[in-house]
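Below is one structure; the comments refer to it alone.
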Amino acid sequence: IMFADIVGYTALMQGDEELALSLRQKLKQKLEAETNAHNGRILEFKGDGALCSFNSAIEGVRAALALQLEMQTIPLVPLRIGMHTGDVMVEDDNIFGDGVNIASRLESFAVPGSIFISGRVYDDIKNQKDIQAVSLGKYALKNVKEQVEIFAISNPGIQIPELHSLEGKGAKVLQRSILVLPFVNMSTDPEQEYFSDGLTEELISNLSRLKDMRVISRTTSMQYKATKKDIKTIGREAGVSYIMEGSVRKYGSDLRITAQFIDANHDNHLWAETYRGTMEDIFDIQEKVSAKIIEALRIQLTREEKQTLQKRFTENSEAYQLYLQGRYFWNRRNEEGLKTATRFFEKALEKDPNYALAWAGLADTYSLMGEYTNISRRELYPKQMAAVNKALEIDSHLAEAHISLAISLMLNDWDWINSEKEFRLGIELNPNYATGRHWYAEWLLYTGNFREALREISLAVDLDPVSQGILKDKGIHFYYNRQYDEGINVAMKTLDLDPNFIPVHRLLSLCYQGKGMFDMAIAENQRWGDLTGNGVKTEVALAEIYAASGRKEDAIKIIEDIQAGKVLGGNDYRGMALVYAALGENDKVFHWLEKSYERHEESLCSLKVDPKVDTLRSDPRFNDLLKKIGLEK
């Protein structure tokens, strides 16, 4: 069943009747053509809306896609569509039934340019390669007994609305969701900041292991440090039902921790407690705070979840404080911070060699050093793997260690089978770990599972809505799926979060090039280069844009200058191959790709899905290279 209507039609009729009638006629003509082409029929067409039925959900969605894409051409028809499968009954001039009712409710939530389908329709179309969709969550629809999961068709050219903007006949079913605000450091010593931040992070980590709760990640939490915003505003921005806030006063080994748990929708304090003790009591206090939250939410814990909340990774309070200091500097994400973090994690392990979290912290530090320092990943890899394996030897249920192992196996070993196993295990152990969802989405993307990748990266964004890195990478997913407009939209949202976030300019350059907007692509590439200071990478990317836009002589001049004496860095060999791909010189392409393969460049992981190598896919050498990387059998 398909419901479709023109948004704002009544107002349009009042303001410009001739235009309104012409838009209605455009809709009617295309609707008749697509229903005939896809074995459907128009059951009703009145005013600004239509009700249609199809023999198959797949054919119905294909008809809706063709219809909606045509409505996006000039003159634009602001059409919204809702679809469901179910019984339809016709009696005299009345059409009714479960299918009609739910389809109309879905259509009420849709926005102009979008197509909303029910979970039942999604089950029918999910294996169709020409149809893509993303989940918008479960909704309680008006006069419908059971909750319905709504999906938005996400094919290029189809609008995907923001979740917070959705309004219709019903309401979104909210999962229990919590934001732990940064605990305020009430100590006179600012160097104790690591402890208040660390306590925040530990609470987030403990609660995130509960499967029936969505816990917002640390990155988003820290955005609200010292905020003046009220609780309702924070809850609305973060999309959560509950907020935890508190303060810490630490003097020597003495502690005073206050904690408040608040219903964010109504700004009601559900409970408030003050805990006093010494550093030796810190683990007991954390358990009490977690238990109070569970009690307030009336959550029934499984035996495993109870054990998880009561689990202590160390009994040594000195090792614990050193670990918190390590995480504090790790979160700075720069070379100096990472080197300092390494020292603190090592000191924590001197105090307690069996502290699995400290081993995992050390592994994560080596992983980030490959990104934020000049030390190569290949050099860091043995240290990272030794730390990961030690963490898992001590505690095989440590989700973060499994995720760290997974990303290492994927990027360093190109071991796609075992990296997937580790990703899935890590996410099962901690379903709220945004980084795990983020990196697993990359695995799915690189292996060509676009639909699953988009769902996974969307979950990561939900768990960490203000992480510029995760949101930017959602845009990268759209780019690799040739959905360039959606990629640009995500890039702009990322800049709204942080106008100084440099990597987003690379995303914009890629998407503008994909759309053939080469001047815009060049401008964004230059911004990226100016801000990163990486001249060679900027020149390689510029040469590729020039070649793709037909400025072949300019492209050749750049790469000749580079080869005459400039030093290529990581991933630049693949970049040179892409320039020759755009120039149509395939022998040189594979010469440079082979050099990239010899150097085990990480960027080869995206080769299977990169639009810039589409011209190479018919060359047997391309498939041979994918086999060597492990991306084809």
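Note on naming: chains are A, B, ... as they come in the structure tokens, residues start from 1 per chain, ligands start from 1 in the order shown.
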(message) Show me, as a ChimeraX atom specification, the residues that have an atom within 9 Å of Ser458 in chain A when counting only C-alpha atoms, minus same-chain residues fewer than 2 positions from it.
(response) /A:134-135,437-438,441,453-456,460-463,471,474
Write out the residues from the selection above, keeping N, CA and C atoms, as a compact mmCIF listing (two decimals), in the first residue's frame.
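Once everything was written out, this is selection12.txt:
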```txt
# COMPACT_ATOMS: atom_id res chain seq x y z
N VAL A 134 17.44 3.15 5.66
CA VAL A 134 18.02 3.27 7.00
C VAL A 134 16.88 3.32 8.02
N SER A 135 17.14 2.76 9.19
CA SER A 135 16.11 2.73 10.24
C SER A 135 16.03 4.09 10.94
N ARG A 437 31.22 0.56 17.11
CA ARG A 437 30.24 0.67 16.02
C ARG A 437 30.87 1.41 14.83
N HIS A 438 31.60 2.48 15.13
CA HIS A 438 32.23 3.31 14.11
C HIS A 438 33.20 2.49 13.28
N ALA A 441 31.61 -0.26 11.21
CA ALA A 441 30.99 0.31 10.02
C ALA A 441 32.01 0.44 8.90
N ALA A 453 26.60 -1.03 6.57
CA ALA A 453 27.58 -0.03 7.01
C ALA A 453 26.88 1.26 7.42
N LEU A 454 25.90 1.69 6.64
CA LEU A 454 25.19 2.93 6.95
C LEU A 454 24.39 2.79 8.23
N ARG A 455 23.79 1.63 8.46
CA ARG A 455 23.06 1.40 9.71
C ARG A 455 24.01 1.46 10.90
N GLU A 456 25.19 0.86 10.76
CA GLU A 456 26.14 0.79 11.87
C GLU A 456 26.73 2.17 12.18
N ALA A 460 26.47 4.58 15.57
CA ALA A 460 27.61 5.24 16.21
C ALA A 460 27.32 6.72 16.42
N VAL A 461 26.70 7.36 15.42
CA VAL A 461 26.34 8.78 15.54
C VAL A 461 25.31 8.98 16.65
N ASP A 462 24.34 8.07 16.76
CA ASP A 462 23.34 8.17 17.82
C ASP A 462 23.99 8.09 19.21
N LEU A 463 25.01 7.23 19.34
CA LEU A 463 25.69 7.05 20.62
C LEU A 463 26.64 8.20 20.94
N LEU A 471 30.72 11.65 12.75
CA LEU A 471 29.76 12.25 11.82
C LEU A 471 30.40 12.45 10.45
N LYS A 474 30.43 9.33 8.58
CA LYS A 474 29.13 8.99 7.99
C LYS A 474 29.03 9.62 6.60
```
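Once Met222 in chain A and its same-chain neighbours fewer than 3 positions away are set aside, Leu181, Pro182, Asp197, Ser217, Arg218, Thr219 and Lys225 of chain A remain within 9 Å of it when counting only C-alpha atoms.
Within range 174-238 of chain A, residues classed as strand (DSSP E) by DSSP on backbone coordinates are Ser177, Ile178, Leu179, Val180, Val184, Asn185, Arg214 and Val215 of chain A.
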(request) Mind checking which residues fall within 7 Å of range 600-610 of chain A, counting only C-alpha atoms, ignoring those fewer than 6 positions away in the same chain, and posting them as number ranges by chain? (result) A: 411, 446, 448, 480, 570-571, 626
Filtering to N, CA and C atoms, could you give me those residues as a short mmCIF file (atom, residue, chain, number, x, y, z; two decimals), in the first residue's frame?
```cif
data_model
loop_
_atom_site.label_atom_id
_atom_site.label_comp_id
_atom_site.auth_asym_id
_atom_site.auth_seq_id
_atom_site.Cartn_x
_atom_site.Cartn_y
_atom_site.Cartn_z
N LEU A 411 43.43 -3.24 9.64
CA LEU A 411 44.31 -2.28 8.98
C LEU A 411 45.72 -2.80 8.77
N TYR A 446 34.21 -1.20 3.67
CA TYR A 446 35.32 -1.67 2.84
C TYR A 446 35.00 -2.99 2.13
N GLY A 448 32.08 -3.77 1.07
CA GLY A 448 31.01 -3.55 0.11
C GLY A 448 29.61 -3.73 0.65
N TYR A 480 31.30 7.08 -0.66
CA TYR A 480 31.65 5.81 -1.28
C TYR A 480 30.42 5.12 -1.89
N GLY A 570 52.80 8.28 3.64
CA GLY A 570 51.83 7.21 3.73
C GLY A 570 50.60 7.48 2.88
N ASN A 571 50.16 6.49 2.13
CA ASN A 571 48.98 6.51 1.26
C ASN A 571 49.16 7.36 0.00
N LEU A 626 42.52 -6.95 -5.57
CA LEU A 626 41.53 -7.10 -4.50
C LEU A 626 41.68 -8.45 -3.80
#
```
(request) Just the residues within 9 Å of Ser408 in chain A, please, counting only C-alpha atoms, with nothing from its chain fewer than 6 positions along; format it as a list in words. (result) Ser367, Tyr381, Gln384, Met385, Trp414, Asp415 and Ser419 of chain A
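Nearest to Asn334 in chain A of all the residues A:Ser549, A:Asn101, A:Ser56, A:Thr365 is A:Thr365, counting only C-alpha atoms.
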(request) Would you mind listing what lies within 10 Å of range 503-510 of chain A as a ChimeraX atom specification, with only C-alpha atoms counted and same-chain residues fewer than 2 positions away left out? (result) /A:468-469,471-473,475-476,479-480,484-485,487-495,498-501,512-529,531-532,538,541-542,545,611-612
(request) Counting only C-alpha atoms, figure out which residue out of A:Leu203, A:Asp230, A:Gln321, A:Glu315 gets nearest to Lys288 in chain A. (result) A:Leu203
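Note that the spacing between CA of Ile150 in chain A and CA of Asp5 in chain A amounts to 18.1 Å.
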(message) Would you compute the distance between CA of Asn432 in chain A and CA of Asp464 in chain A? Give it in Å to one decimal.
(response) 9.5 Å
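Atom pair CA of Leu398 in chain A / CA of Tyr440 in chain A: separated by 16.5 Å.
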(message) What parts of range 226-345 of chain A does DSSP call alpha helix (DSSP H)? I'd like the answer as JSON, numbers by chain.
(response) {"A": [231, 232, 233, 234, 235, 236, 237, 238, 282, 283, 284, 285, 286, 287, 288, 289, 290, 291, 292, 293, 294, 295, 296, 297, 303, 304, 305, 306, 307, 308, 309, 310, 317, 318, 319, 320, 321, 322, 323, 324, 325, 326, 327, 328, 329, 330, 335, 336, 337, 338, 339, 340, 341, 342, 343, 344, 345]}
(request) Write out as a ChimeraX atom specification the residues lying within 7 Å of range 425-430 of chain A, counting only C-alpha atoms and excluding same-chain residues fewer than 2 positions away. (result) /A:208-209,397,399-400,402-403,421-423,432-433,436
Those same residues - N, CA and C atoms - I'd like them written as a CSV table (one decimal), in the first residue's frame.
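Resulting contents of out.csv:
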```csv
chain,number,residue,atom,x,y,z
A,208,SER,N,27.4,1.5,30.0
A,208,SER,CA,27.3,1.2,28.5
A,208,SER,C,27.3,-0.3,28.3
A,209,ARG,N,27.7,-1.1,29.3
A,209,ARG,CA,27.7,-2.5,29.1
A,209,ARG,C,26.3,-3.2,29.3
A,397,HIS,N,36.6,-10.9,28.3
A,397,HIS,CA,35.3,-10.2,28.2
A,397,HIS,C,35.5,-8.7,28.1
A,399,ALA,N,35.5,-5.6,26.2
A,399,ALA,CA,35.0,-5.2,24.8
A,399,ALA,C,36.0,-4.3,24.1
A,400,GLU,N,36.6,-3.3,24.8
A,400,GLU,CA,37.5,-2.4,24.2
A,400,GLU,C,38.7,-3.1,23.6
A,402,HIS,N,38.8,-6.2,22.5
A,402,HIS,CA,38.4,-6.9,21.3
A,402,HIS,C,38.3,-6.0,20.1
A,403,ILE,N,37.8,-4.8,20.3
A,403,ILE,CA,37.7,-3.8,19.2
A,403,ILE,C,39.1,-3.3,18.8
A,421,LYS,N,35.1,-11.1,13.3
A,421,LYS,CA,34.7,-11.8,14.5
A,421,LYS,C,35.0,-11.0,15.7
A,422,GLU,N,36.1,-10.3,15.8
A,422,GLU,CA,36.5,-9.5,16.9
A,422,GLU,C,35.5,-8.3,17.1
A,423,PHE,N,35.2,-7.7,15.9
A,423,PHE,CA,34.3,-6.5,16.0
A,423,PHE,C,32.9,-7.0,16.6
A,432,ASN,N,27.0,-0.3,23.4
A,432,ASN,CA,27.0,1.1,23.5
A,432,ASN,C,28.3,1.8,23.2
A,433,TYR,N,29.3,1.0,22.8
A,433,TYR,CA,30.6,1.5,22.5
A,433,TYR,C,30.7,2.1,21.1
A,436,GLY,N,33.5,1.2,18.7
A,436,GLY,CA,33.3,-0.1,18.1
A,436,GLY,C,32.4,-0.1,17.0
```
(request) Name the closest residue to Ser104 in chain A among the candidates A:Ile58, A:Ile1, A:Val215, A:Met186; distances are taken between atoms, counting only C-alpha atoms. (result) A:Ile1
(message) Which residues are close to range 40-52 of chain A, i.e. within 10 Å by only C-alpha atoms, leaving aside same-chain residues fewer than 4 positions away? Reply as a ChimeraX atom specification.
(response) /A:1-10,20-21,23-25,27-28,31-36,56,59-60,63,79-83,90,93-95,100,103-104
